[in-house]
Structures are given as structure tokens and as C-alpha cells.
$ cat protein-v9.cif   # mmCIF, C-alpha atoms, pLDDT in the B column; chains and numbers go by the auth columns
data_data
loop_
_atom_site.group_PDB
_atom_site.id
_atom_site.type_symbol
_atom_site.label_atom_id
_atom_site.label_comp_id
_atom_site.label_asym_id
_atom_site.label_seq_id
_atom_site.Cartn_x
_atom_site.Cartn_y
_atom_site.Cartn_z
_atom_site.B_iso_or_equiv
_atom_site.auth_seq_id
_atom_site.auth_asym_id
ATOM 1 C CA MET A 1 -95.276 7.434 0.153 96.00 23 A
ATOM 2 C CA LYS A 2 -94.575 4.500 -2.133 90.00 24 A
ATOM 3 C CA GLN A 3 -92.046 4.503 -4.939 93.00 25 A
ATOM 4 C CA LEU A 4 -93.690 3.333 -8.153 89.00 26 A
ATOM 5 C CA THR A 5 -92.331 0.777 -10.598 87.00 27 A
ATOM 6 C CA HIS A 6 -92.559 0.887 -14.397 79.00 28 A
ATOM 7 C CA SER A 7 -95.645 -1.336 -14.296 82.00 29 A
ATOM 8 C CA ASP A 8 -97.371 1.077 -11.869 86.00 30 A
ATOM 9 C CA VAL A 9 -97.031 4.064 -14.207 85.00 31 A
ATOM 10 C CA LYS A 10 -99.323 4.466 -17.212 83.00 32 A
ATOM 11 C CA ASN A 11 -97.916 7.259 -19.373 80.00 33 A
ATOM 12 C CA LYS A 12 -100.116 9.125 -21.803 81.00 34 A
ATOM 13 C CA GLN A 13 -98.583 7.692 -24.951 84.00 35 A
ATOM 14 C CA GLN A 14 -98.490 10.444 -27.537 90.00 36 A
ATOM 15 C CA GLN A 15 -96.411 11.164 -30.591 93.00 37 A
ATOM 16 C CA PHE A 16 -95.420 14.671 -31.636 96.00 38 A
ATOM 17 C CA PRO A 17 -94.402 15.997 -35.080 97.00 39 A
ATOM 18 C CA ILE A 18 -90.756 16.115 -34.020 98.00 40 A
ATOM 19 C CA THR A 19 -87.769 14.698 -35.878 98.00 41 A
ATOM 20 C CA ILE A 20 -84.226 14.661 -34.496 98.00 42 A
ATOM 21 C CA VAL A 21 -81.212 15.016 -36.773 98.00 43 A
ATOM 22 C CA CYS A 22 -77.896 14.125 -35.163 96.00 44 A
ATOM 23 C CA ASP A 23 -75.099 15.887 -37.003 92.00 45 A
ATOM 24 C CA ALA A 24 -72.132 13.521 -36.775 87.00 46 A
ATOM 25 C CA ILE A 25 -72.536 12.462 -33.146 93.00 47 A
ATOM 26 C CA ARG A 26 -69.798 9.926 -32.455 93.00 48 A
ATOM 27 C CA THR A 27 -70.220 8.769 -28.846 96.00 49 A
ATOM 28 C CA PRO A 28 -72.139 5.470 -28.542 97.00 50 A
ATOM 29 C CA GLU A 29 -73.662 6.479 -25.212 97.00 51 A
ATOM 30 C CA ASN A 30 -75.020 9.680 -26.772 96.00 52 A
ATOM 31 C CA ILE A 31 -76.623 7.668 -29.588 97.00 53 A
ATOM 32 C CA GLY A 32 -78.209 5.291 -27.081 98.00 54 A
ATOM 33 C CA MET A 33 -79.479 8.140 -24.917 98.00 55 A
ATOM 34 C CA CYS A 34 -80.853 9.879 -27.995 98.00 56 A
ATOM 35 C CA PHE A 35 -83.102 6.849 -28.528 98.00 57 A
ATOM 36 C CA ARG A 36 -84.110 6.710 -24.893 97.00 58 A
ATOM 37 C CA ILE A 37 -84.897 10.419 -24.531 98.00 59 A
ATOM 38 C CA SER A 38 -86.623 10.619 -27.919 98.00 60 A
ATOM 39 C CA GLU A 39 -88.866 7.651 -27.152 97.00 61 A
ATOM 40 C CA SER A 40 -89.751 9.149 -23.761 95.00 62 A
ATOM 41 C CA PHE A 41 -90.921 12.387 -25.385 97.00 63 A
ATOM 42 C CA GLY A 42 -92.855 10.911 -28.333 97.00 64 A
ATOM 43 C CA VAL A 43 -90.445 11.829 -31.129 98.00 65 A
ATOM 44 C CA GLU A 44 -91.453 10.509 -34.579 97.00 66 A
ATOM 45 C CA LYS A 45 -88.040 9.810 -36.082 98.00 67 A
ATOM 46 C CA ILE A 46 -84.278 10.163 -35.630 98.00 68 A
ATOM 47 C CA PHE A 47 -81.630 10.617 -38.324 98.00 69 A
ATOM 48 C CA PHE A 48 -78.011 9.614 -37.644 97.00 70 A
ATOM 49 C CA HIS A 49 -74.968 10.218 -39.824 95.00 71 A
ATOM 50 C CA GLU A 50 -73.631 7.049 -41.455 95.00 72 A
ATOM 51 C CA ASN A 51 -70.409 7.388 -39.422 94.00 73 A
ATOM 52 C CA SER A 52 -72.264 7.475 -36.111 95.00 74 A
ATOM 53 C CA PRO A 53 -72.092 4.341 -33.964 96.00 75 A
ATOM 54 C CA SER A 54 -74.409 1.593 -35.186 95.00 76 A
ATOM 55 C CA VAL A 55 -77.486 0.351 -33.346 96.00 77 A
ATOM 56 C CA GLU A 56 -75.614 -2.966 -33.069 97.00 78 A
ATOM 57 C CA ASN A 57 -72.947 -1.300 -30.894 98.00 79 A
ATOM 58 C CA ARG A 58 -73.046 -2.811 -27.380 98.00 80 A
ATOM 59 C CA LYS A 59 -72.834 0.597 -25.671 98.00 81 A
ATOM 60 C CA VAL A 60 -75.638 1.985 -27.838 98.00 82 A
ATOM 61 C CA ILE A 61 -77.840 -1.025 -27.024 97.00 83 A
ATOM 62 C CA ASN A 62 -77.146 -0.878 -23.278 97.00 84 A
ATOM 63 C CA THR A 63 -77.733 2.865 -23.046 97.00 85 A
ATOM 64 C CA ALA A 64 -80.883 2.820 -25.211 97.00 86 A
ATOM 65 C CA ARG A 65 -82.504 0.265 -22.867 94.00 87 A
ATOM 66 C CA ASN A 66 -84.944 -1.388 -25.292 94.00 88 A
ATOM 67 C CA THR A 67 -86.028 1.818 -27.071 97.00 89 A
ATOM 68 C CA ILE A 68 -84.281 1.212 -30.418 97.00 90 A
ATOM 69 C CA SER A 69 -87.174 -0.900 -31.682 96.00 91 A
ATOM 70 C CA LYS A 70 -89.752 1.645 -30.489 96.00 92 A
ATOM 71 C CA ILE A 71 -88.735 4.613 -32.640 95.00 93 A
ATOM 72 C CA ASN A 72 -88.177 5.080 -36.363 97.00 94 A
ATOM 73 C CA TYR A 73 -84.638 5.936 -37.378 98.00 95 A
ATOM 74 C CA GLU A 74 -82.420 5.991 -40.414 96.00 96 A
ATOM 75 C CA TYR A 75 -78.866 6.825 -41.361 97.00 97 A
ATOM 76 C CA TYR A 76 -77.978 9.580 -43.812 97.00 98 A
ATOM 77 C CA THR A 77 -74.875 10.199 -45.903 96.00 99 A
ATOM 78 C CA ASN A 78 -75.191 13.812 -46.969 95.00 100 A
ATOM 79 C CA PHE A 79 -76.094 16.286 -44.224 94.00 101 A
ATOM 80 C CA GLU A 80 -77.096 19.147 -46.537 95.00 102 A
ATOM 81 C CA GLU A 81 -79.312 16.934 -48.734 97.00 103 A
ATOM 82 C CA THR A 82 -81.042 15.506 -45.656 97.00 104 A
ATOM 83 C CA ILE A 83 -81.784 18.954 -44.247 97.00 105 A
ATOM 84 C CA GLN A 84 -83.021 20.236 -47.621 97.00 106 A
ATOM 85 C CA GLN A 85 -85.323 17.201 -47.981 98.00 107 A
ATOM 86 C CA LEU A 86 -86.747 17.758 -44.498 98.00 108 A
ATOM 87 C CA LYS A 87 -87.371 21.428 -45.354 97.00 109 A
ATOM 88 C CA GLN A 88 -89.179 20.403 -48.553 97.00 110 A
ATOM 89 C CA GLU A 89 -91.393 18.154 -46.420 97.00 111 A
ATOM 90 C CA GLY A 90 -92.534 21.211 -44.446 97.00 112 A
ATOM 91 C CA ASN A 91 -90.285 20.945 -41.409 98.00 113 A
ATOM 92 C CA THR A 92 -88.905 23.930 -39.529 98.00 114 A
ATOM 93 C CA ILE A 93 -85.217 23.272 -38.858 98.00 115 A
ATOM 94 C CA ILE A 94 -84.304 24.376 -35.335 98.00 116 A
ATOM 95 C CA GLY A 95 -80.686 24.141 -34.272 97.00 117 A
ATOM 96 C CA ILE A 96 -79.945 23.639 -30.605 96.00 118 A
ATOM 97 C CA GLU A 97 -76.883 25.838 -30.691 94.00 119 A
ATOM 98 C CA ILE A 98 -75.424 28.977 -29.177 92.00 120 A
ATOM 99 C CA THR A 99 -75.231 31.652 -31.879 93.00 121 A
ATOM 100 C CA ASP A 100 -75.453 35.422 -31.961 95.00 122 A
ATOM 101 C CA LYS A 101 -79.069 34.987 -33.174 96.00 123 A
ATOM 102 C CA SER A 102 -80.204 32.247 -30.764 96.00 124 A
ATOM 103 C CA ILE A 103 -83.544 32.644 -29.030 97.00 125 A
ATOM 104 C CA ASN A 104 -83.849 31.551 -25.412 97.00 126 A
ATOM 105 C CA ILE A 105 -85.702 28.241 -25.445 97.00 127 A
ATOM 106 C CA GLN A 106 -88.500 29.446 -23.165 95.00 128 A
ATOM 107 C CA ASP A 107 -89.122 32.448 -25.469 97.00 129 A
ATOM 108 C CA PHE A 108 -89.490 30.364 -28.647 97.00 130 A
ATOM 109 C CA ASP A 109 -93.055 29.524 -29.706 97.00 131 A
ATOM 110 C CA PHE A 110 -92.854 25.906 -30.885 97.00 132 A
ATOM 111 C CA LYS A 111 -96.647 25.816 -31.434 95.00 133 A
ATOM 112 C CA ASN A 112 -96.244 28.022 -34.528 93.00 134 A
ATOM 113 C CA ASN A 113 -94.518 25.167 -36.387 93.00 135 A
ATOM 114 C CA GLN A 114 -96.422 22.272 -37.948 92.00 136 A
ATOM 115 C CA LYS A 115 -93.433 19.919 -38.124 97.00 137 A
ATOM 116 C CA ILE A 116 -90.229 20.402 -36.172 98.00 138 A
ATOM 117 C CA VAL A 117 -86.696 19.161 -36.754 98.00 139 A
ATOM 118 C CA LEU A 118 -84.381 19.541 -33.781 98.00 140 A
ATOM 119 C CA LEU A 119 -80.834 19.596 -35.071 97.00 141 A
ATOM 120 C CA LEU A 120 -78.072 18.446 -32.732 96.00 142 A
ATOM 121 C CA GLY A 121 -74.462 19.328 -33.472 91.00 143 A
ATOM 122 C CA SER A 122 -71.521 17.026 -32.975 87.00 144 A
ATOM 123 C CA GLU A 123 -69.874 16.785 -29.579 83.00 145 A
ATOM 124 C CA ARG A 124 -66.816 18.754 -30.710 85.00 146 A
ATOM 125 C CA ASN A 125 -67.805 21.094 -33.529 86.00 147 A
ATOM 126 C CA GLY A 126 -71.490 21.804 -33.105 88.00 148 A
ATOM 127 C CA ILE A 127 -73.721 22.001 -36.178 91.00 149 A
ATOM 128 C CA GLU A 128 -71.831 21.344 -39.415 83.00 150 A
ATOM 129 C CA ASN A 129 -73.487 24.092 -41.476 91.00 151 A
ATOM 130 C CA ILE A 130 -75.367 26.503 -39.229 93.00 152 A
ATOM 131 C CA ASN A 131 -76.663 28.422 -42.269 94.00 153 A
ATOM 132 C CA LEU A 132 -79.032 25.547 -43.129 95.00 154 A
ATOM 133 C CA VAL A 133 -81.194 26.080 -40.045 97.00 155 A
ATOM 134 C CA ASP A 134 -84.281 28.259 -39.919 97.00 156 A
ATOM 135 C CA THR A 135 -83.498 29.385 -36.387 97.00 157 A
ATOM 136 C CA THR A 136 -81.400 28.488 -33.366 97.00 158 A
ATOM 137 C CA ILE A 137 -82.438 28.155 -29.769 98.00 159 A
ATOM 138 C CA ALA A 138 -80.263 28.206 -26.676 96.00 160 A
ATOM 139 C CA ILE A 139 -80.770 27.044 -23.122 96.00 161 A
ATOM 140 C CA PRO A 140 -79.961 29.786 -20.599 94.00 162 A
ATOM 141 C CA MET A 141 -77.221 28.683 -18.213 93.00 163 A
ATOM 142 C CA TYR A 142 -76.001 30.262 -15.030 93.00 164 A
ATOM 143 C CA GLY A 143 -72.628 28.665 -14.400 93.00 165 A
ATOM 144 C CA LYS A 144 -69.258 29.485 -15.943 92.00 166 A
ATOM 145 C CA ASN A 145 -69.573 26.857 -18.674 87.00 167 A
ATOM 146 C CA SER A 146 -71.397 27.934 -21.840 82.00 168 A
ATOM 147 C CA SER A 147 -72.395 24.476 -23.070 84.00 169 A
ATOM 148 C CA MET A 148 -73.555 21.073 -21.887 91.00 170 A
ATOM 149 C CA ASN A 149 -73.704 17.528 -23.211 93.00 171 A
ATOM 150 C CA VAL A 150 -75.638 17.322 -26.475 94.00 172 A
ATOM 151 C CA ILE A 151 -78.153 14.803 -25.111 96.00 173 A
ATOM 152 C CA HIS A 152 -78.791 16.833 -21.966 96.00 174 A
ATOM 153 C CA SER A 153 -79.568 19.762 -24.281 96.00 175 A
ATOM 154 C CA LEU A 154 -81.917 17.523 -26.261 98.00 176 A
ATOM 155 C CA ALA A 155 -83.740 16.396 -23.104 98.00 177 A
ATOM 156 C CA ILE A 156 -84.283 19.962 -21.903 98.00 178 A
ATOM 157 C CA THR A 157 -85.426 21.032 -25.365 98.00 179 A
ATOM 158 C CA LEU A 158 -87.842 18.114 -25.769 98.00 180 A
ATOM 159 C CA TYR A 159 -89.318 18.900 -22.366 97.00 181 A
ATOM 160 C CA GLU A 160 -90.029 22.479 -23.442 97.00 182 A
ATOM 161 C CA VAL A 161 -91.270 21.557 -26.937 98.00 183 A
ATOM 162 C CA THR A 162 -93.643 18.821 -25.773 96.00 184 A
ATOM 163 C CA ASN A 163 -94.953 20.969 -22.915 95.00 185 A
ATOM 164 C CA GLN A 164 -95.912 23.647 -25.434 95.00 186 A
ATOM 165 C CA LEU A 165 -97.300 21.201 -28.013 94.00 187 A
ATOM 166 C CA ALA A 166 -99.268 19.110 -25.492 89.00 188 A
ATOM 167 C CA VAL A 167 -101.171 22.225 -24.407 76.00 189 A
ATOM 168 C CA SER A 168 -102.135 23.026 -27.996 61.00 190 A
ATOM 169 C CA CYS A 169 -103.272 19.448 -28.814 55.00 191 A
#

$ encode --input "protein-v9.cif" --output "C-alpha cells"
Amino acid sequence: MKQLTHSDVKNKQQQFPITIVCDAIRTPENIGMCFRISESFGVEKIFFHENSPSVENRKVINTARNTISKINYEYYTNFEETIQQLKQEGNTIIGIEITDKSINIQDFDFKNNQKIVLLLGSERNGIENINLVDTTIAIPMYGKNSSMNVIHSLAITLYEVTNQLAVSC
């Protein structure tokens, strides 16, 4: 067995109709990892709140590992206006959040949605206005803790979404 290097691996480069909206995420490492994970899973675009750490932040740059230039992103000022605009553009807004109406991620049919927005809540308060989403999904967990890091949740969700979408493409 030989461990492969980056130059040995030729990924099937594919982009999916997925947009990420980060609702007031404040940790630079989470912003950087959002770029890295999103680029790995073929996300089209990321939206960050204007108060989120900048792409010039050293920790964001180091954590993103050269993916900032590989994915479209923009900053927004008004969360509600941004979500409403994305809805008008035909996106289904899916909150990654634990609610009394959340659907287990593996039971949600992502293929039934033409364009998907995955909405990530802030590290402390979750999604700012949960009533703006079309639905919420949750990742089943088996430990005592009921939540995990926002970017870990994103990675698990993108794995499930792209697995479903890649089969239908």
C-alpha cells in the first residue's frame, strides 16, 4: 500500500447548485474551513455576514489553504434581504439546525430541489431567524451532546447532499 500525494489524486471536478449562507459566523478558523470544505464539495458560492472575519485575516487564510480564490463569495449586510433574494432566485433554503420540525439528514431528499442554500447558524445562537427557512435538517447524534461545530455539520451535510446529487447527475 502506498499513501498518495495531492498530485497522485485526480478528483472528478464537479460543481453543484449549492450555496452556503453563514449567519454571523465569527470564528476565523470556521470561515477558513468553510472555504476549504465548500471547495472540496463543489459548492457554487458562499455568503458571509459583513461582520464575519475578512478573507485577509491571517487565520482565515491559513485555514482555507489556498481555496479562497477557487470559490465565489460575497459579504451581505442584511440577513433577511439576502435570504429573500435567494428564495426569489429559486433556491430552497435549508437550515442545518435542530428544531422540533427538523428532518434527519439521511431522510431528506435533496434531489427534489433545483437549487439549494445551506444555512449555517452562528456559533452561539444558531440561525438568526429560523422562520425564513423552507425546512431544517439535523444530523443524528448518539452521544450526550446535542450539537457539534458548525463546520463539522456543514461537512457532513455536504457529503450527504453531494452523494445524492451526484447519483442524479

$ closest_residue --input "protein-v9.cif" --among "A:Ile125, A:Leu142, A:Val189, A:Cys44" --to "Ser175 of chain A" --atoms "only C-alpha atoms"
A:Leu142

$ resolve_selection --input "protein-v9.cif" --expression "the PyMOL selection byres ((chain A and resi 186) around 12)" --output "PyMOL selection string"
chain A and resi 38+127-135+179-185+187-191

$ resolve_selection --input "protein-v9.cif" --expression "the PyMOL selection byres ((chain A and resi 72) around 9)" --output "NGL selection string"
:A and (46 or 70-71 or 73-76 or 96-100)

$ residues_around --input "protein-v9.cif" --residues "Lys137 of chain A" --least-positions-apart "3" --cutoff "8 Å" --atoms "all atoms listed in the file" --output "ChimeraX atom specification"
/A:39-40,112-114

$ resolve_selection --input "protein-v9.cif" --expression "the PyMOL selection byres ((chain A and resi 60) around 12)" --output "count of residues only"
44

$ closest_residue --input "protein-v9.cif" --among "A:Gly143, A:Pro50, A:Gly148, A:Pro162" --to "Asn126 of chain A" --atoms "only C-alpha atoms"
A:Pro162

$ axis_aligned_box --input "protein-v9.cif" --around "segment 181-189 of chain A" --padding-each-side "4 Å" --output "lines of an AutoDock Vina configuration file"
center_x = -95.2
center_y = 21.2
center_z = -25.2
size_x = 19.9
size_y = 12.8
size_z = 13.6

$ atom_distance --input "protein-v9.cif" --atom1 "atom CA of Met170 of chain A" --atom2 "atom CA of Asn153 of chain A"
21.9 Å

$ atom_distance --input "protein-v9.cif" --atom1 "atom CA of Asn84 of chain A" --atom2 "atom CA of Thr49 of chain A"
13.1 Å

$ residues_around --input "protein-v9.cif" --residues "Thr121 of chain A" --least-positions-apart "2" --cutoff "9 Å" --atoms "all atoms listed in the file" --output "PDB file with C-alpha atoms, keeping the file's coordinate frame"
ATOM      1  CA  GLU A 119     -76.883  25.838 -30.691  1.00 94.00           C
ATOM      2  CA  LYS A 123     -79.069  34.987 -33.174  1.00 96.00           C
ATOM      3  CA  SER A 124     -80.204  32.247 -30.764  1.00 96.00           C
ATOM      4  CA  ILE A 125     -83.544  32.644 -29.030  1.00 97.00           C
ATOM      5  CA  ILE A 152     -75.367  26.503 -39.229  1.00 93.00           C
ATOM      6  CA  THR A 158     -81.400  28.488 -33.366  1.00 97.00           C
ATOM      7  CA  ILE A 159     -82.438  28.155 -29.769  1.00 98.00           C
ATOM      8  CA  ALA A 160     -80.263  28.206 -26.676  1.00 96.00           C
TER       9      ALA A 160
END

$ atom_distance --input "protein-v9.cif" --atom1 "atom CA of Leu154 of chain A" --atom2 "atom CA of Asn171 of chain A"
22.1 Å

$ residues_around --input "protein-v9.cif" --residues "Thr85 of chain A" --least-positions-apart "2" --cutoff "7 Å" --atoms "all atoms listed in the file" --output "PyMOL selection string"
chain A and resi 51+54-55+81-83+87

$ write_last_selection --input "protein-v9.cif" --atoms "C-alpha atoms" --output "PDB file, in the coordinates of the input"
ATOM      1  CA  GLU A  51     -73.662   6.479 -25.212  1.00 97.00           C
ATOM      2  CA  GLY A  54     -78.209   5.291 -27.081  1.00 98.00           C
ATOM      3  CA  MET A  55     -79.479   8.140 -24.917  1.00 98.00           C
ATOM      4  CA  LYS A  81     -72.834   0.597 -25.671  1.00 98.00           C
ATOM      5  CA  VAL A  82     -75.638   1.985 -27.838  1.00 98.00           C
ATOM      6  CA  ILE A  83     -77.840  -1.025 -27.024  1.00 97.00           C
ATOM      7  CA  ARG A  87     -82.504   0.265 -22.867  1.00 94.00           C
TER       8      ARG A  87
END

$ closest_residue --input "protein-v9.cif" --among "A:Asp30, A:Ile105, A:Leu141, A:Ile161" --to "Ile120 of chain A" --atoms "all atoms listed in the file"
A:Ile161

$ closest_residue --input "protein-v9.cif" --among "A:Val139, A:Met163, A:Lys24, A:Val172" --to "Gln107 of chain A" --atoms "all atoms listed in the file"
A:Val139
